[in-house]
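Asker: One structure, pasted below without further comment.
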Amino acid sequence: MYLPPAHGQNGITALTGGKVYTSTGWQEAVVFNDETILAVGSTAAVMADYQGQATVIDLGGRVVLPGLHDMHVHPMMAGLAMRECAFPQGSSPEKILAQVAECVSETPPGEWITGGQWAGNSFGDTQPTKAMLDRVAPNNPVMLTDISGHSSWANTRALAIGGITRDTSDPDGGLIERDTFGEPTGLLRESAMAILQQHIPQPSLQKRAEALESALDDLMRQGVTSIVDALVDPDTLEAYAYLVARNRLRMKVRGCLVYGEAWGNTDWFNRELARRADYTSEYFSLDCVKVFMDGVPTESHTAAMLEPYRGVDPENESPARAFGLLLVKADELASLVTRLDADGITVKFHAAGDRAARAALDAIEAARGVNGLPGQRHDVGHLTFIAPADIQRAKTLGATLEYSPYLWFPTVINDDIAAAIGPERLTRVWPVREGIESGALVVVGSDWPAGTPSNNPWVGIETLVTRRQPGAGEGDSSFGPAQSITLEQALAIYTGNGAAQLSRGHQYGGIQPGMMPYVIVVSDFLSTSINEIHTTQVDTVYVQGRRVEMGSD
Ligand SMILES: [Zn+2]
C-alpha cells in the first residue's frame with residue numbers, strides 16, 4: 001500500500017455532492033488538506049469558498065465516513081494463517097483430513113504442518129483425536145487450531161516433539177485432554193498449546209512483516225484506518241518495528257503487549273513496557289496491555305461462567321468443567337491493573353464469560369480505589385456474556401465494553417456456544433444494546449482471524465442491526481435479536497466510539513473542521529436495505545488527507 005504525496009491544487013481536496021457523516025448531521029461536502037479538515041457543508045457553500053483552490057471530486061451521491069476502527073484484531077496471526085494449511089470453518093472431519101493429506105503431499109517429511117480452523121461440533125458426539133491425523137500424516141508433526149484459537153488438535157508426531165506423554169501434567173491455565181486410560185488424545189486447551197508452539201519454527205522477520213502488512217492492507221481496503229492489535233507478542237512487536245522503520249505502516253495501530261508466561265515472558269514484558277516510548281511513531285503506539293481472563297464459552301468450557309455450563313452438575317464434575325477457567329488470580333490482577341493505570345496504560349481484557357468480565361471489573365475497581373477517577377479507559381473485551389449488574393458497573397467505573405468478534409448472527413461457532421451454554425442465557429448473548437443503554441462506552445472488534453472468518457466491518461455494521469446472517473431477511477433465523485441496535489448506533493460505534501476509546505475522539509473521531517483527515521468514500525449504503533450493507537464497496541481511503549493507493553494483493 002502506497003501513499004502518493006499530497007496532490008491537487010495546494011494539496012487541497014474537496015469531496016462534493018455526496019452524503020458526509022458529521023457530528024451535525026449529514027452534509028453534502030467536505031474539504032481537507034493533508035493536515036486537517038478545512039470545511040464541511042453544502043456543495044454550494046464549499047464551492048464558493050474553495051473553487052479554484054482545491055481538486056474537486058464529485059461523489060455522485062456516495063457516502064463519506066470517518067475511517068473505521070477495528071478495536072480487537074490479530075493481523076499478525078491473520079497474515080500468517082493466509083499462508084497455512086487452511087480449510088473452511090465448519091468443515092467435516094473427512095474434508096479436514098483430505099485437506100491435511102494434500103498439505104502433507106506438498107511438505108517434506110518431518111516438517112511441521114499448521115493450520116485451521118476446525119469446529120468442535122463438526123465431530124458430532126466424538127472429539128478429534130491424534131489417531132485421525134496420524135492416518136493422513138504419519139511423518140509430519142501436525143497442529144490444527146480450532147475456530148476460537150483456544151484449542152489445538154495435534155498428531156502423535158507433534159505430541160512426541162513436544163514431549164507430551166501420559167506423565168505430563170497440565171500446565172497452569174491449560175489442559176491436556178486424555179482418554180479413559182490417561183493417554184493424551186491430541187487435544188490441547190489454552191496454555192497447553194504453547195508446549196507445542198515453542199517447537200514450531202517461526203518464519204523469518206521479513207516474512208512475518210510481509211504477512212502483517214498484507215493483513216493490515218486487507219483491513220484498509222475495507223475502510224478500516226485504525227486498529228487495536230489485541231495480541232502483541234515478541235514476534236509481532238518485532239514485525240511492527242520492522243514496518244515502522246521502513247515507513248510501511250499506514251494506519252493507526254494501538255498495540256497491546258500480551259501479559260503472561262504463556263505468551264512471552266515476564267522479563268520481556270517488563271522490558272518492552274518500560275521502553276514502550278521507543279516504539280511510538282506517528283502510526284504506532286504501544287500503550288496497551290492484553291490480559292487473558294478466560295477462554296471461550298464453547299464445548300471446551302474454558303470461558304469462566306457465573307453459572308454452570310449446560311447439563312453439567314457441579315457436584316459431579318471438576319469446577320473447571322462446570323464453571324470454566326479463570327486464568328489470572330484476583331490479587332495479582334488488581335496490583336497489575338493499578339500499576340498500569342497509574343502509568344497511563346490501557347488494559348484490554350479477554351473476558352468471554354460473565355465471571356471473567358466480573359473479575360476484570362473487580363480489578364478496574366481496585367485501580368480506581370487507589371488511583372481515583374477517571375484513570376485509563378480499560379476495555380473489557382469479547383463479552384459474549386456479562387451480567388446486567390456488571391454492565392452498570394462498567395459505566396460507573398469508566399470502563400469500556402468491547403464486543404467481539406463480528407459474530408452476532410447464526411454461525412458454526414455460535415451453534416457450539418448455544419450447545420454449551422443453553423437457551424436461557426442466549427437471549428442476552430453479546431448484549432450490545434444493554435451496553436449502549438447503560439451509557440458506558442461501547443466499541444467492537446472483528447477478532448480476525450480468531451473465531452471469525454470475517455474482518456469485514458460492513459458485515460459487522462449490518463449484523464449489529466439485524467442479528468441475522470449477512471443478507472438474511474425477516475423470518476430467517478437470528479442470534480440474540482433482543483440485543484440489536486440501530487444503524488445510527490452501529491455507525492457511532494465504528495467511528496466516534498472507537499476514536500474515543502483511543503483518546504483520539506477530538507482528532508479523528510468524526511468529520512468536522514479542525515479534525516485529522518481520516519476519511520473513506522463508500523457506496524451509498526444509506527439507500528439500500530439494511531441486509532445489503534455487507535456489500536458496501538469502499539472506493540477511496542484517505543489517510544491523513546492523502547489517498548491510499550490500494551493494490552490487489
Ligand atoms: Zn482476540
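The way I read the labels, and the way they are meant: chains A, B, ... in the order of the C-alpha cells, residue 1 as the first residue of every chain, and ligand 1 as the first ligand shown, with later ones counted on from there.
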For the strand (DSSP E) assignment from backbone DSSP, which residues of stretch 159-371 of chain A qualify? Please present them as an MDAnalysis selection string.
Answerer: chainID A and resid 174:178 184:190 224:232 252:258 284:292 346:351
Asker: Please identify every residue of chain A that has at least one atom no farther than 12 Å from an atom of ligand 1, counting only C-alpha atoms and all ligand atoms, and for each give the shortest atom pair and the distance in Å to one decimal, arranged by chain then increasing number, as a Markdown table.
Answerer:
```
| residue | atom | partner | partner_atom_place_in_ligand_line | distance |
| --- | --- | --- | --- | --- |
| A:Asp70 | CA | ligand 1 | 1 (Zn) | 11.4 |
| A:Met71 | CA | ligand 1 | 1 (Zn) | 9.9 |
| A:His72 | CA | ligand 1 | 1 (Zn) | 6.1 |
| A:Val73 | CA | ligand 1 | 1 (Zn) | 6.1 |
| A:His74 | CA | ligand 1 | 1 (Zn) | 6.5 |
| A:Pro75 | CA | ligand 1 | 1 (Zn) | 10.3 |
| A:Met76 | CA | ligand 1 | 1 (Zn) | 11.6 |
| A:Met77 | CA | ligand 1 | 1 (Zn) | 10.1 |
| A:Ala78 | CA | ligand 1 | 1 (Zn) | 11.2 |
| A:Ile147 | CA | ligand 1 | 1 (Zn) | 11.5 |
| A:Ser148 | CA | ligand 1 | 1 (Zn) | 8.8 |
| A:Gly149 | CA | ligand 1 | 1 (Zn) | 8.5 |
| A:His150 | CA | ligand 1 | 1 (Zn) | 10.0 |
| A:Val228 | CA | ligand 1 | 1 (Zn) | 10.2 |
| A:Asp229 | CA | ligand 1 | 1 (Zn) | 8.6 |
| A:Ala230 | CA | ligand 1 | 1 (Zn) | 5.8 |
| A:Leu231 | CA | ligand 1 | 1 (Zn) | 7.1 |
| A:Val232 | CA | ligand 1 | 1 (Zn) | 10.8 |
| A:Cys256 | CA | ligand 1 | 1 (Zn) | 10.8 |
| A:Val258 | CA | ligand 1 | 1 (Zn) | 11.0 |
| A:Lys290 | CA | ligand 1 | 1 (Zn) | 9.5 |
| A:Val291 | CA | ligand 1 | 1 (Zn) | 10.6 |
| A:Phe292 | CA | ligand 1 | 1 (Zn) | 9.3 |
| A:Met293 | CA | ligand 1 | 1 (Zn) | 11.8 |
| A:Asp294 | CA | ligand 1 | 1 (Zn) | 11.5 |
| A:Gly295 | CA | ligand 1 | 1 (Zn) | 10.2 |
| A:Val296 | CA | ligand 1 | 1 (Zn) | 10.6 |
| A:Lys348 | CA | ligand 1 | 1 (Zn) | 10.0 |
| A:Phe349 | CA | ligand 1 | 1 (Zn) | 9.6 |
| A:His350 | CA | ligand 1 | 1 (Zn) | 7.1 |
| A:Ala351 | CA | ligand 1 | 1 (Zn) | 9.9 |
| A:Ala352 | CA | ligand 1 | 1 (Zn) | 10.1 |
| A:Val380 | CA | ligand 1 | 1 (Zn) | 11.7 |
| A:Gly381 | CA | ligand 1 | 1 (Zn) | 8.4 |
| A:His382 | CA | ligand 1 | 1 (Zn) | 7.9 |
| A:Leu383 | CA | ligand 1 | 1 (Zn) | 11.5 |
| A:Glu402 | CA | ligand 1 | 1 (Zn) | 11.0 |
| A:Tyr403 | CA | ligand 1 | 1 (Zn) | 10.7 |
| A:Ser404 | CA | ligand 1 | 1 (Zn) | 8.0 |
| A:Pro405 | CA | ligand 1 | 1 (Zn) | 7.9 |
| A:Tyr406 | CA | ligand 1 | 1 (Zn) | 11.4 |
| A:Val444 | CA | ligand 1 | 1 (Zn) | 11.4 |
| A:Gly445 | CA | ligand 1 | 1 (Zn) | 8.6 |
| A:Ser446 | CA | ligand 1 | 1 (Zn) | 8.3 |
| A:Asp447 | CA | ligand 1 | 1 (Zn) | 4.7 |
| A:Trp448 | CA | ligand 1 | 1 (Zn) | 7.4 |
| A:Pro449 | CA | ligand 1 | 1 (Zn) | 8.2 |
| A:Ala450 | CA | ligand 1 | 1 (Zn) | 6.1 |
| A:Gly451 | CA | ligand 1 | 1 (Zn) | 8.3 |
| A:Thr452 | CA | ligand 1 | 1 (Zn) | 10.0 |
```
Asker: Using only C-alpha atoms, find the one residue out of A:Leu333, A:Leu212, A:Ile96, A:Ala86 that sits nearest to A:Leu133.
Answerer: A:Ile96
Asker: Excluding A:Glu462 and any residue of its chain fewer than 3 positions from it, enumerate the residues within 6 Å of it, using only C-alpha atoms, and give them as a JSON list (two decimals) with N, CA, C and O atoms, in the first residue's frame.
Answerer:
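Dumped to out25.json:
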```
[["chain", "number", "residue", "atom", "x", "y", "z"],
["A", 459, "VAL", "N", -20.03, -6.20, 7.34],
["A", 459, "VAL", "CA", -20.76, -7.34, 7.92],
["A", 459, "VAL", "C", -21.09, -7.01, 9.37],
["A", 459, "VAL", "O", -22.19, -7.26, 9.86],
["A", 465, "VAL", "N", -27.25, -4.66, 13.61],
["A", 465, "VAL", "CA", -28.64, -4.21, 13.47],
["A", 465, "VAL", "C", -29.58, -5.39, 13.30],
["A", 465, "VAL", "O", -30.64, -5.46, 13.93],
["A", 533, "ILE", "N", -26.11, -4.04, 3.48],
["A", 533, "ILE", "CA", -24.97, -3.22, 3.92],
["A", 533, "ILE", "C", -23.65, -3.98, 3.83],
["A", 533, "ILE", "O", -22.60, -3.40, 3.53]]
```
Asker: Determine which residues of stretch 355-541 of chain A receive a DSSP assignment of alpha helix (DSSP H), computed from the backbone, and state them as number ranges by chain.
Answerer: A: 355-371, 388-397, 412-421, 423-426, 432-438, 457-466, 487-492, 498-501, 505-508
Asker: Of the candidates A:Ala215, A:Ala101, A:Leu205, A:Ala304, which one gets nearest to A:Leu325 if we count only C-alpha atoms?
Answerer: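 Among the listed residues, A:Ala304 lies closest to A:Leu325.
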Asker: Please determine, counting only C-alpha atoms, which residue among A:Pro66, A:Pro517, A:Pro457, A:Gly186 has the shortest atom-to-atom distance to A:Met143.
Answerer: A:Gly186
Asker: Near A:Gln376, counting only C-alpha atoms, which residues have an atom at most 7 Å away, once you skip same-chain residues fewer than 3 positions from it, shown as a list in words?
Answerer: Asp341, Gly344, Ile345 and Thr346 of chain A
Asker: Could you save those same residues with all heavy atoms as a PDB file, in the first residue's frame?
Answerer:
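As written to disk, part-v7.pdb reads:
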```pdb
ATOM      1  N   ASP A 341      -2.590   1.358  35.196  1.00  0.00           N
ATOM      2  CA  ASP A 341      -3.487   2.514  35.178  1.00  0.00           C
ATOM      3  C   ASP A 341      -2.734   3.782  35.559  1.00  0.00           C
ATOM      4  O   ASP A 341      -2.847   4.821  34.906  1.00  0.00           O
ATOM      5  CB  ASP A 341      -4.652   2.244  36.140  1.00  0.00           C
ATOM      6  CG  ASP A 341      -5.707   3.329  36.112  1.00  0.00           C
ATOM      7  OD1 ASP A 341      -6.446   3.400  35.107  1.00  0.00           O
ATOM      8  OD2 ASP A 341      -5.786   4.108  37.072  1.00  0.00           O
ATOM      9  N   GLY A 344      -0.511   5.211  32.828  1.00  0.00           N
ATOM     10  CA  GLY A 344      -1.124   5.700  31.592  1.00  0.00           C
ATOM     11  C   GLY A 344      -1.313   4.619  30.545  1.00  0.00           C
ATOM     12  O   GLY A 344      -1.362   4.908  29.349  1.00  0.00           O
ATOM     13  N   ILE A 345      -1.388   3.372  30.984  1.00  0.00           N
ATOM     14  CA  ILE A 345      -1.547   2.270  30.040  1.00  0.00           C
ATOM     15  C   ILE A 345      -2.947   1.682  30.160  1.00  0.00           C
ATOM     16  O   ILE A 345      -3.447   1.443  31.263  1.00  0.00           O
ATOM     17  CB  ILE A 345      -0.486   1.188  30.316  1.00  0.00           C
ATOM     18  CG1 ILE A 345       0.901   1.774  30.016  1.00  0.00           C
ATOM     19  CG2 ILE A 345      -0.730  -0.064  29.473  1.00  0.00           C
ATOM     20  CD1 ILE A 345       2.016   0.993  30.619  1.00  0.00           C
ATOM     21  N   THR A 346      -3.561   1.457  29.013  1.00  0.00           N
ATOM     22  CA  THR A 346      -4.897   0.873  28.977  1.00  0.00           C
ATOM     23  C   THR A 346      -4.790  -0.648  29.028  1.00  0.00           C
ATOM     24  O   THR A 346      -3.941  -1.232  28.352  1.00  0.00           O
ATOM     25  CB  THR A 346      -5.601   1.264  27.663  1.00  0.00           C
ATOM     26  OG1 THR A 346      -5.679   2.683  27.610  1.00  0.00           O
ATOM     27  CG2 THR A 346      -6.996   0.684  27.580  1.00  0.00           C
TER      28      THR A 346
END
```
Asker: Which residue is closest to A:Ile57? Choose from A:Thr43, A:Gln507, A:Thr168, A:Thr466 and count only C-alpha atoms.
Answerer: A:Thr43
